[in-house]
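Data file: run09.cif. Format and content: mmCIF, C-alpha atoms.
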```cif
data_final
loop_
_atom_site.label_atom_id
_atom_site.label_comp_id
_atom_site.auth_asym_id
_atom_site.auth_seq_id
_atom_site.Cartn_x
_atom_site.Cartn_y
_atom_site.Cartn_z
CA MET A 1 2.00 23.65 -24.73
CA ARG A 2 -1.00 21.72 -23.41
CA LEU A 3 1.25 19.13 -21.79
CA PHE A 4 3.28 21.92 -20.14
CA LYS A 5 0.11 23.49 -18.71
CA LEU A 6 -1.07 20.14 -17.40
CA LEU A 7 2.23 19.51 -15.68
CA SER A 8 2.58 22.97 -14.14
CA VAL A 9 -0.99 23.43 -12.91
CA GLY A 10 -1.68 19.83 -11.95
CA CYS A 11 0.84 19.80 -9.13
CA LEU A 12 -1.20 22.48 -7.31
CA SER A 13 -4.05 20.04 -6.71
CA LEU A 14 -2.09 16.96 -5.72
CA LEU A 15 -4.28 16.10 -2.74
CA SER A 16 -7.61 17.41 -4.02
CA LEU A 17 -8.81 14.18 -5.61
CA ALA A 18 -10.38 11.67 -3.25
CA ILE A 19 -8.41 8.50 -3.96
CA GLN A 20 -8.64 5.95 -1.21
CA ALA A 21 -5.02 4.84 -1.46
CA GLN A 22 -3.06 6.37 1.37
CA THR A 23 0.48 7.64 1.64
CA LEU A 24 1.83 6.14 4.84
CA ASN A 25 3.79 8.52 7.04
CA GLY A 26 6.52 7.23 9.33
CA LEU A 27 7.24 4.23 7.13
CA TYR A 28 10.95 4.34 8.03
CA GLN A 29 10.40 4.91 11.74
CA VAL A 30 10.23 1.79 13.93
CA ARG A 31 9.46 1.43 17.64
CA GLU A 32 10.56 -1.67 19.54
CA PRO A 33 9.85 -2.30 23.25
CA VAL A 34 12.83 -2.25 25.63
CA GLY A 35 13.35 -3.07 29.30
CA SER A 36 15.98 -0.40 29.84
CA GLN A 37 18.19 2.11 28.03
CA ALA A 38 21.32 0.00 28.45
CA PRO A 39 23.58 -0.19 25.33
CA GLU A 40 23.11 -3.95 24.99
CA GLU A 41 19.34 -3.54 25.15
CA ARG A 42 19.52 -0.82 22.52
CA ASN A 43 21.60 -2.99 20.18
CA GLN A 44 19.13 -5.86 20.45
CA ALA A 45 16.19 -3.52 19.84
CA SER A 46 18.00 -2.05 16.81
CA GLN A 47 18.30 -5.52 15.31
CA ARG A 48 14.59 -6.14 15.87
CA ALA A 49 13.81 -2.75 14.35
CA LEU A 50 15.82 -3.64 11.26
CA GLU A 51 13.91 -6.90 10.91
CA THR A 52 10.61 -5.07 11.30
CA LEU A 53 11.57 -2.45 8.71
CA VAL A 54 12.75 -4.93 6.09
CA LEU A 55 9.59 -6.97 6.50
CA ARG A 56 7.50 -3.78 6.34
CA LEU A 57 9.14 -2.68 3.08
CA THR A 58 9.28 -6.06 1.33
CA GLY A 59 6.58 -8.24 2.87
CA ASP A 60 9.08 -11.10 2.66
CA PRO A 61 9.94 -12.82 5.97
CA LYS A 62 13.13 -14.20 4.41
CA ALA A 63 14.34 -10.89 2.98
CA LEU A 64 16.60 -9.96 5.88
CA GLN A 65 18.61 -13.15 5.36
CA SER A 66 19.51 -12.11 1.82
CA PRO A 67 23.31 -12.32 1.25
CA GLY A 68 23.20 -8.77 -0.06
CA LEU A 69 22.19 -7.48 3.37
CA ALA A 70 24.99 -9.17 5.30
CA GLU A 71 26.78 -5.89 6.05
CA VAL A 72 23.55 -4.17 7.11
CA ARG A 73 22.69 -7.05 9.44
CA LYS A 74 26.15 -6.79 10.96
CA ASP A 75 25.90 -3.04 11.45
CA PRO A 76 22.39 -1.51 11.13
CA GLN A 77 23.87 1.86 12.17
CA GLN A 78 24.92 2.50 8.57
CA ILE A 79 21.28 3.07 7.54
CA ILE A 80 20.04 4.57 10.85
CA SER A 81 19.73 8.36 11.09
CA GLN A 82 18.83 8.69 14.78
CA TYR A 83 17.60 6.99 17.96
CA GLY A 84 15.16 8.09 20.63
CA TYR A 85 13.24 6.66 23.58
CA ASP A 86 9.50 6.73 24.11
CA ALA A 87 8.40 6.47 27.75
CA GLY A 88 5.29 4.55 26.68
CA PRO A 89 3.82 2.47 28.09
CA PRO A 90 5.43 0.32 27.00
CA GLU A 91 8.87 1.96 26.98
CA SER A 92 10.31 1.61 23.52
CA LEU A 93 13.29 2.51 21.39
CA GLN A 94 12.40 4.65 18.39
CA VAL A 95 14.70 4.04 15.45
CA ASP A 96 14.61 6.39 12.45
CA PHE A 97 16.08 4.78 9.35
CA ASP A 98 17.36 6.90 6.47
CA PRO A 99 15.01 6.28 3.51
CA VAL A 100 17.62 6.82 0.79
CA SER A 101 20.28 4.59 2.37
CA THR A 102 17.71 1.94 3.25
CA ASP A 103 16.20 1.76 -0.22
CA ARG A 104 19.65 1.69 -1.78
CA ALA A 105 20.68 -1.23 0.42
CA LEU A 106 17.50 -3.22 -0.23
CA ARG A 107 17.53 -2.64 -3.98
CA GLY A 108 21.22 -3.44 -4.07
CA ALA A 109 20.34 -6.78 -2.51
CA GLY A 110 17.86 -7.39 -5.33
CA LEU A 111 14.79 -7.18 -3.09
CA ALA A 112 11.34 -6.05 -4.16
CA LEU A 113 10.17 -2.86 -2.43
CA TRP A 114 6.66 -1.77 -1.52
CA GLY A 115 6.37 2.04 -1.60
CA SER A 116 4.61 4.34 0.83
CA ASN A 117 1.42 4.54 -1.25
CA ARG A 118 -0.63 1.66 0.15
CA PRO A 119 -4.27 0.52 0.10
CA ALA A 120 -6.41 1.92 2.89
CA ILE A 121 -7.87 -0.95 4.94
CA LEU A 122 -11.14 -0.77 6.85
CA GLY A 123 -10.98 -3.12 9.81
CA TRP A 124 -14.10 -4.83 11.15
CA TRP A 125 -12.77 -6.37 14.37
CA LEU A 126 -15.08 -8.30 16.72
CA ASN A 127 -13.78 -9.40 20.13
CA ASP A 128 -15.60 -12.15 22.01
CA ALA A 129 -15.22 -12.12 25.80
CA THR A 130 -16.99 -13.64 28.78
CA ASP A 131 -19.13 -10.51 29.12
CA GLY A 132 -20.21 -10.55 25.46
CA SER A 133 -19.02 -9.45 22.02
CA ASN A 134 -17.59 -6.04 21.20
CA LEU A 135 -17.11 -4.48 17.78
CA VAL A 136 -14.00 -2.31 18.02
CA GLY A 137 -14.83 1.27 17.07
CA ASP A 138 -12.61 4.20 16.22
CA GLY A 139 -13.05 5.98 19.55
CA GLN A 140 -12.66 2.98 21.85
CA ALA A 141 -9.70 2.09 24.03
CA ALA A 142 -9.64 -1.33 22.33
CA ALA A 143 -8.71 0.44 19.09
CA GLU A 144 -5.27 1.50 20.33
CA PRO A 145 -3.59 -1.94 20.04
CA LEU A 146 -4.93 -2.20 16.48
CA ARG A 147 -3.53 1.19 15.53
CA ARG A 148 -0.13 0.38 17.04
CA ALA A 149 -0.03 -2.94 15.20
CA ALA A 150 -1.00 -1.28 11.91
CA GLN A 151 1.77 1.31 12.28
CA HIS A 152 4.24 -1.40 13.26
CA ARG A 153 3.43 -3.43 10.14
CA GLY A 154 3.16 -0.48 7.76
CA LEU A 155 -0.55 -0.61 6.95
CA PRO A 156 -3.04 2.30 6.71
CA LEU A 157 -5.84 0.97 8.94
CA ARG A 158 -9.17 2.68 9.45
CA LEU A 159 -11.78 1.62 11.98
CA PRO A 160 -15.55 2.08 11.79
CA LEU A 161 -17.63 4.10 14.22
CA ALA A 162 -19.20 0.87 15.49
CA ASP A 163 -22.62 2.46 15.80
CA LEU A 164 -25.78 0.40 16.29
CA ASP A 165 -26.41 -0.12 12.57
CA GLU A 166 -22.86 -1.42 12.10
CA GLN A 167 -23.04 -3.67 15.15
CA ILE A 168 -26.12 -5.33 13.69
CA VAL A 169 -24.23 -6.16 10.49
CA ALA A 170 -20.74 -6.95 11.85
CA THR A 171 -21.73 -10.25 13.44
CA ALA A 172 -19.52 -13.30 13.83
CA LYS A 173 -21.46 -14.99 11.02
CA ASN A 174 -20.83 -12.13 8.57
CA LEU A 175 -17.20 -11.65 9.61
CA GLU A 176 -16.38 -15.32 9.10
CA GLY A 177 -18.52 -15.71 5.99
CA SER A 178 -17.17 -15.76 2.44
CA ASP A 179 -19.70 -13.20 1.19
CA ALA A 180 -18.51 -9.64 1.74
CA SER A 181 -21.76 -8.03 0.56
CA PRO A 182 -23.16 -7.22 4.04
CA LEU A 183 -19.90 -5.55 5.07
CA ARG A 184 -19.49 -3.70 1.78
CA ALA A 185 -22.88 -2.06 2.24
CA VAL A 186 -21.90 -0.49 5.58
CA SER A 187 -18.32 0.23 4.46
CA GLU A 188 -19.07 2.58 1.57
CA ARG A 189 -19.02 5.75 3.67
CA TYR A 190 -15.44 5.08 4.82
CA GLY A 191 -13.94 5.05 1.31
CA ALA A 192 -11.41 2.28 1.91
CA ASP A 193 -9.70 0.07 -0.69
CA ALA A 194 -9.78 -3.16 1.28
CA LEU A 195 -11.97 -4.77 3.91
CA LEU A 196 -10.49 -6.76 6.80
CA ALA A 197 -12.87 -8.86 8.87
CA VAL A 198 -11.54 -10.32 12.12
CA HIS A 199 -13.36 -12.46 14.69
CA ALA A 200 -11.24 -12.84 17.83
CA HIS A 201 -11.76 -14.71 21.07
CA GLU A 202 -9.82 -15.91 24.10
CA GLU A 203 -9.36 -19.62 24.63
CA GLY A 204 -7.09 -21.38 27.13
CA GLY A 205 -5.22 -18.22 28.00
CA GLN A 206 -4.47 -17.43 24.32
CA TRP A 207 -6.18 -15.02 21.95
CA GLN A 208 -7.10 -16.49 18.59
CA ALA A 209 -8.68 -15.04 15.47
CA LYS A 210 -10.00 -15.91 12.05
CA TRP A 211 -9.52 -13.18 9.48
CA ARG A 212 -10.64 -12.48 5.92
CA LEU A 213 -9.34 -9.81 3.54
CA TRP A 214 -11.04 -8.47 0.43
CA LEU A 215 -9.20 -6.21 -2.04
CA GLY A 216 -11.33 -5.73 -5.12
CA GLU A 217 -12.12 -9.21 -6.38
CA GLN A 218 -9.18 -10.80 -4.58
CA LYS A 219 -9.75 -12.64 -1.31
CA ASP A 220 -7.43 -13.97 1.39
CA GLN A 221 -8.04 -15.58 4.73
CA GLY A 222 -6.15 -17.09 7.62
CA THR A 223 -5.85 -17.57 11.36
CA ALA A 224 -3.63 -15.98 13.98
CA GLN A 225 -2.97 -16.15 17.69
CA GLY A 226 -1.25 -14.18 20.43
CA ALA A 227 -0.76 -14.12 24.17
CA ASN A 228 -2.88 -10.96 24.46
CA PRO A 229 -4.97 -8.67 22.21
CA ALA A 230 -1.92 -6.57 21.24
CA GLU A 231 0.09 -9.61 20.10
CA LEU A 232 -2.93 -10.95 18.23
CA ALA A 233 -3.41 -7.65 16.42
CA ASP A 234 0.25 -7.63 15.39
CA ALA A 235 0.03 -11.23 14.14
CA VAL A 236 -3.08 -10.53 12.06
CA LEU A 237 -1.69 -7.38 10.46
CA LEU A 238 1.66 -9.03 9.80
CA ALA A 239 -0.16 -11.77 7.87
CA VAL A 240 -2.17 -9.18 5.94
CA SER A 241 0.99 -7.26 5.05
CA GLU A 242 2.67 -10.42 3.75
CA ARG A 243 -0.35 -11.16 1.54
CA LEU A 244 -0.63 -7.62 0.11
CA ALA A 245 3.06 -6.79 -0.49
CA PRO A 246 3.65 -9.14 -3.47
CA ARG A 247 0.84 -7.42 -5.38
CA PHE A 248 2.50 -4.01 -5.19
CA ALA A 249 6.24 -4.49 -4.54
CA ALA A 250 8.52 -3.83 -7.52
CA LYS A 251 11.73 -5.84 -7.86
CA PRO A 252 14.76 -4.27 -9.59
CA GLY A 253 15.69 -5.87 -12.88
CA VAL A 254 12.39 -7.73 -13.16
CA SER A 255 10.00 -4.89 -13.94
CA SER A 256 9.80 -3.97 -17.60
CA GLU A 257 9.51 -0.58 -19.25
CA GLN A 258 6.19 -0.05 -20.98
CA LEU A 259 3.67 2.59 -22.00
CA LEU A 260 0.50 3.27 -20.06
CA GLU A 261 -2.44 5.20 -21.50
CA VAL A 262 -5.08 6.75 -19.24
CA GLN A 263 -8.28 8.33 -20.56
CA GLY A 264 -10.65 10.79 -18.90
CA MET A 265 -7.89 12.97 -17.49
CA ASN A 266 -8.24 16.40 -15.92
CA LEU A 267 -5.96 18.47 -13.72
CA GLU A 268 -7.02 16.91 -10.42
CA ARG A 269 -6.78 13.39 -11.80
CA TYR A 270 -3.40 14.10 -13.31
CA ALA A 271 -2.02 15.23 -9.96
CA ALA A 272 -3.38 12.20 -8.12
CA LEU A 273 -2.24 9.76 -10.81
CA THR A 274 1.27 11.21 -10.80
CA HIS A 275 1.42 10.41 -7.10
CA LEU A 276 0.19 6.85 -7.65
CA LEU A 277 2.75 6.19 -10.38
CA GLU A 278 5.75 7.44 -8.39
CA PRO A 279 6.91 3.90 -7.46
CA PHE A 280 6.99 3.05 -11.17
CA GLY A 281 8.87 6.16 -12.31
CA GLY A 282 5.85 7.38 -14.29
CA ARG A 283 6.81 9.98 -16.90
CA PRO A 284 4.22 11.63 -19.20
CA LEU A 285 5.10 11.38 -22.90
CA SER A 286 2.12 12.85 -24.70
CA VAL A 287 -1.32 14.38 -24.19
CA ASP A 288 -4.23 14.28 -26.64
CA GLY A 289 -7.40 15.83 -25.27
CA ASP A 290 -8.25 13.92 -22.10
CA ARG A 291 -5.87 11.07 -22.99
CA ILE A 292 -2.33 10.92 -21.60
CA VAL A 293 0.43 8.38 -22.23
CA TYR A 294 3.03 7.61 -19.53
CA GLN A 295 6.28 5.71 -19.65
CA VAL A 296 6.43 3.44 -16.59
CA ASN A 297 8.60 0.69 -15.16
CA GLY A 298 6.65 -2.20 -13.67
CA SER A 299 4.89 -5.42 -14.42
CA ALA A 300 1.36 -5.36 -15.78
CA GLU A 301 0.08 -7.09 -12.63
CA GLN A 302 1.63 -4.51 -10.32
CA LEU A 303 0.33 -1.60 -12.38
CA ARG A 304 -3.16 -3.08 -12.43
CA ALA A 305 -3.07 -3.43 -8.64
CA GLN A 306 -1.81 0.14 -8.15
CA LEU A 307 -4.31 1.70 -10.56
CA GLY A 308 -7.07 -0.32 -8.96
CA LEU A 309 -6.52 1.77 -5.83
CA ALA A 310 -7.78 4.76 -7.82
CA LYS A 311 -10.75 2.78 -9.19
CA LEU A 312 -9.50 3.06 -12.76
CA GLN A 313 -10.95 0.55 -15.23
CA GLU A 314 -8.82 -1.31 -17.73
CA ILE A 315 -9.87 -0.86 -21.35
CA PRO A 316 -10.16 -4.18 -23.23
CA ALA A 317 -7.62 -4.70 -26.00
CA GLY A 318 -8.75 -3.17 -29.27
CA GLU A 319 -11.56 -1.10 -27.74
CA GLY A 320 -11.52 2.58 -28.56
CA VAL A 321 -8.07 2.52 -30.16
CA PRO A 322 -7.51 5.98 -31.69
CA VAL A 323 -7.49 6.03 -35.47
CA VAL A 324 -4.41 7.61 -36.99
CA ALA A 325 -5.30 9.86 -39.91
CA SER A 326 -3.61 9.08 -43.20
CA ALA A 327 -0.90 11.47 -44.33
CA PRO A 328 -1.78 13.98 -47.10
CA ALA A 329 -0.54 13.29 -50.60
CA PRO A 330 2.99 14.63 -51.15
CA VAL A 331 3.48 17.75 -53.21
CA PRO A 332 5.60 17.04 -56.32
CA GLY A 333 9.15 18.20 -55.79
CA ALA A 334 8.69 18.88 -52.08
CA ALA A 335 10.32 16.92 -49.29
CA ALA A 336 7.90 14.59 -47.54
CA PRO A 337 7.13 15.74 -44.00
CA VAL A 338 8.29 13.46 -41.23
CA ALA A 339 5.72 13.10 -38.45
CA PRO A 340 6.64 11.53 -35.15
CA ALA A 341 4.95 8.22 -34.55
CA ALA A 342 2.27 8.32 -31.87
CA PRO A 343 3.19 6.13 -28.90
CA THR A 344 1.18 2.93 -28.59
CA ALA A 345 0.41 1.88 -25.04
CA GLN A 346 0.56 -1.72 -23.86
CA LEU A 347 -1.82 -0.96 -20.98
CA ARG A 348 -4.87 1.27 -21.29
CA PHE A 349 -7.16 2.52 -18.51
CA ARG A 350 -9.91 5.05 -18.03
CA TRP A 351 -11.47 6.91 -15.13
#
```
This structure in structure tokens:
Amino acid sequence: MRLFKLLSVGCLSLLSLAIQAQTLNGLYQVREPVGSQAPEERNQASQRALETLVLRLTGDPKALQSPGLAEVRKDPQQIISQYGYDAGPPESLQVDFDPVSTDRALRGAGLALWGSNRPAILGWWLNDATDGSNLVGDGQAAAEPLRRAAQHRGLPLRLPLADLDEQIVATAKNLEGSDASPLRAVSERYGADALLAVHAHEEGGQWQAKWRLWLGEQKDQGTAQGANPAELADAVLLAVSERLAPRFAAKPGVSSEQLLEVQGMNLERYAALTHLLEPFGGRPLSVDGDRIVYQVNGSAEQLRAQLGLAKLQEIPAGEGVPVVASAPAPVPGAAAPVAPAAPTAQLRFRW
């Protein structure tokens, strides 16, 4: 009865818990620039849109060349639901892909898929120009190319206010440094999962950037370039997407079925956790007080990454394992009661 109440009431508060991880809208909608609305131009843009989508969903630049996608490459129309044109600027073809058909095709090709629940990234982006340095803030015109690039690459990007206190901290030295502490201090109020630090400048007619990414204790870094700020933003966020996707994407036939225990549950947390576990087919098996056991499909590494978005802590092996009470002595002549065995979880976390 308690499990039934948890399931029925918990769904009412699905969005009430402040988890930083963000469900990305428009994941299957792609815009590609076009020079005209001619059929040949539309066909070429459709091919580019397919490439963008596959890379967005897998993070693998080689995924589109998979033999299992040969028919889709030949005729993308079979997974496209509709077209449309956006006057821009720039003028672009909007391609809406059917999520069910797309996922079926990609999984049928044996590709790993990254779901719509993705880590929220706070972007500290410093542009150097001849007239000085500028920290890109949320309300600035310079933020628009970053937002377009983030949508194009399937990443939930947030930008700071870029007020005076933040400008003092977000210097070139701190953005290029290996210590994220100064940025973390001014990032707390934005509630993001990951920090992206980018220092960009123009040199010889090209825009170049050094970038660093922090997600929990994991760090990545790289360089990128583009002919203009928009191309640079796209190159940086493409690189970030390719680094993040392997941590979350689940590949069919590779993920294993296992039990996950989470402690410290309440109705709000249950609703939020159910949403987080959707990519892994999370199904609750039992509830004992504030402890719930799920059946999930996914590798331990992927589950740790996903649960890390909700700031759950993994419980060390052997710590706080519930003690199973011994069965009462049997009554002579009576049939021994058969009690169902309590599920034992391979992974255990707590709020």
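The two atoms in question, atom CA of A:Ala235 and atom CA of A:Glu32, are spaced 15.2 Å apart.
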Calculate how many Å separate atom CA of A:Tyr28 from atom CA of A:Asp98, rounding to one decimal.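 One can read the atom CA of A:Tyr28 to atom CA of A:Asp98 distance as 7.1 Å.
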Could you give me, as a PDB file with C-alpha atoms, keeping the file's coordinate frame, the residues that sit within 10 Å of (0.9, -7.4, -3.0) in the file's coordinates, counting all atoms listed in the file?
```
ATOM      1  CA  THR A  58       9.280  -6.060   1.330  1.00  0.00           C
ATOM      2  CA  GLY A  59       6.580  -8.240   2.870  1.00  0.00           C
ATOM      3  CA  TRP A 114       6.660  -1.770  -1.520  1.00  0.00           C
ATOM      4  CA  ARG A 118      -0.630   1.660   0.150  1.00  0.00           C
ATOM      5  CA  PRO A 119      -4.270   0.520   0.100  1.00  0.00           C
ATOM      6  CA  VAL A 240      -2.170  -9.180   5.940  1.00  0.00           C
ATOM      7  CA  SER A 241       0.990  -7.260   5.050  1.00  0.00           C
ATOM      8  CA  GLU A 242       2.670 -10.420   3.750  1.00  0.00           C
ATOM      9  CA  ARG A 243      -0.350 -11.160   1.540  1.00  0.00           C
ATOM     10  CA  LEU A 244      -0.630  -7.620   0.110  1.00  0.00           C
ATOM     11  CA  ALA A 245       3.060  -6.790  -0.490  1.00  0.00           C
ATOM     12  CA  PRO A 246       3.650  -9.140  -3.470  1.00  0.00           C
ATOM     13  CA  ARG A 247       0.840  -7.420  -5.380  1.00  0.00           C
ATOM     14  CA  PHE A 248       2.500  -4.010  -5.190  1.00  0.00           C
ATOM     15  CA  ALA A 249       6.240  -4.490  -4.540  1.00  0.00           C
ATOM     16  CA  ALA A 250       8.520  -3.830  -7.520  1.00  0.00           C
ATOM     17  CA  GLU A 301       0.080  -7.090 -12.630  1.00  0.00           C
ATOM     18  CA  GLN A 302       1.630  -4.510 -10.320  1.00  0.00           C
ATOM     19  CA  ALA A 305      -3.070  -3.430  -8.640  1.00  0.00           C
ATOM     20  CA  GLN A 306      -1.810   0.140  -8.150  1.00  0.00           C
TER      21      GLN A 306
END
```
Please evaluate the PyMOL selection byres ((chain A and resi 193) around 8) against the displayed coordinates and give the resulting residues as a list in words.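 Against this file, the PyMOL selection byres ((chain A and resi 193) around 8) returns the residues Gln20, Ala21, Pro119, Ala120, Ile121, Leu122, Gly191, Ala192, Ala194, Leu195, Leu215, Gly216 and Leu309 of chain A.
Run against this file, the PyMOL selection byres ((chain A and resi 85) around 9) gives back A:Arg31, A:Gln37, A:Tyr83, A:Gly84, A:Asp86, A:Ala87, A:Gly88, A:Glu91, A:Ser92, A:Leu93, A:Gln94, A:Val95.
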Work out how far apart atom CA of A:Lys219 and atom CA of A:Arg158 are and give it in Å to one decimal. 18.7 Å
Pick out the residues sitting within 7 Å of A:Asp290, and hand them over as a list in words; count only C-alpha atoms, and ignore anything fewer than 3 positions along from it in its own chain.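 Counting only the stated atoms, we get Gln263, Gly264, Met265 and Asn266 of chain A.
Of the listed residues A:Thr23, A:Gln258, A:Ser81, A:Gln47, the one whose atoms come nearest to A:Pro156 is A:Thr23, with distances taken using all atoms listed in the file.
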Restricting the calculation to only C-alpha atoms: of A:Asp75, A:Glu166, A:Glu144, A:Glu314, which residue gets closest to A:Glu188?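 Checking each candidate against A:Glu188, we get A:Glu166 as the closest.
Counting only C-alpha atoms, stretch 231-234 of chain A has the following residues at most 8 Å away, ignoring those fewer than 6 positions along the same chain: Pro145, Leu146, Ala149, Ala150, His152, Arg153, Trp207, Gln208, Ala209, Ala224 and Gln225 of chain A.
This file, queried with the PyMOL selection byres ((chain A and resi 125-130) around 7), gives the residues Gly123, Trp124, Asp131, Gly132, Ser133, Asn134, Leu135, Val136, Ala197, Val198, His199, Ala200, His201 and Glu202 of chain A.
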Can you work out which one of A:Leu196, A:Leu259, A:Leu276, A:Ala310 has the shortest atom-to-atom distance to A:Val296, counting all atoms listed in the file? A:Leu259
Excluding A:Arg107 and residues on its chain fewer than 6 positions from it, collect all residues at most 12 Å away from it, counting all atoms listed in the file, and give them as number ranges by chain. A: 54, 57-58, 63, 66, 68-69, 99-101, 113-114, 249-254
Residues as selected, C-alpha atoms, written as a short mmCIF file (atom, residue, chain, number, x, y, z; two decimals), in the coordinates of the input, can you do that?
```cif
data_model
loop_
_atom_site.label_atom_id
_atom_site.label_comp_id
_atom_site.auth_asym_id
_atom_site.auth_seq_id
_atom_site.Cartn_x
_atom_site.Cartn_y
_atom_site.Cartn_z
CA VAL A 54 12.75 -4.93 6.09
CA LEU A 57 9.14 -2.68 3.08
CA THR A 58 9.28 -6.06 1.33
CA ALA A 63 14.34 -10.89 2.98
CA SER A 66 19.51 -12.11 1.82
CA GLY A 68 23.20 -8.77 -0.06
CA LEU A 69 22.19 -7.48 3.37
CA PRO A 99 15.01 6.28 3.51
CA VAL A 100 17.62 6.82 0.79
CA SER A 101 20.28 4.59 2.37
CA LEU A 113 10.17 -2.86 -2.43
CA TRP A 114 6.66 -1.77 -1.52
CA ALA A 249 6.24 -4.49 -4.54
CA ALA A 250 8.52 -3.83 -7.52
CA LYS A 251 11.73 -5.84 -7.86
CA PRO A 252 14.76 -4.27 -9.59
CA GLY A 253 15.69 -5.87 -12.88
CA VAL A 254 12.39 -7.73 -13.16
#
```
Long-range neighbours of A:Leu24 as a tab-separated table (two decimals) with C-alpha atoms, keeping the file's coordinate frame, 8 Å cut-off, only C-alpha atoms, 3 positions minimum in chain:
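Below is the file out.tsv, written as the result:
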```
chain	number	residue	atom	x	y	z
A	27	LEU	CA	7.24	4.23	7.13
A	116	SER	CA	4.61	4.34	0.83
A	117	ASN	CA	1.42	4.54	-1.25
A	118	ARG	CA	-0.63	1.66	0.15
A	154	GLY	CA	3.16	-0.48	7.76
A	155	LEU	CA	-0.55	-0.61	6.95
A	156	PRO	CA	-3.04	2.30	6.71
```
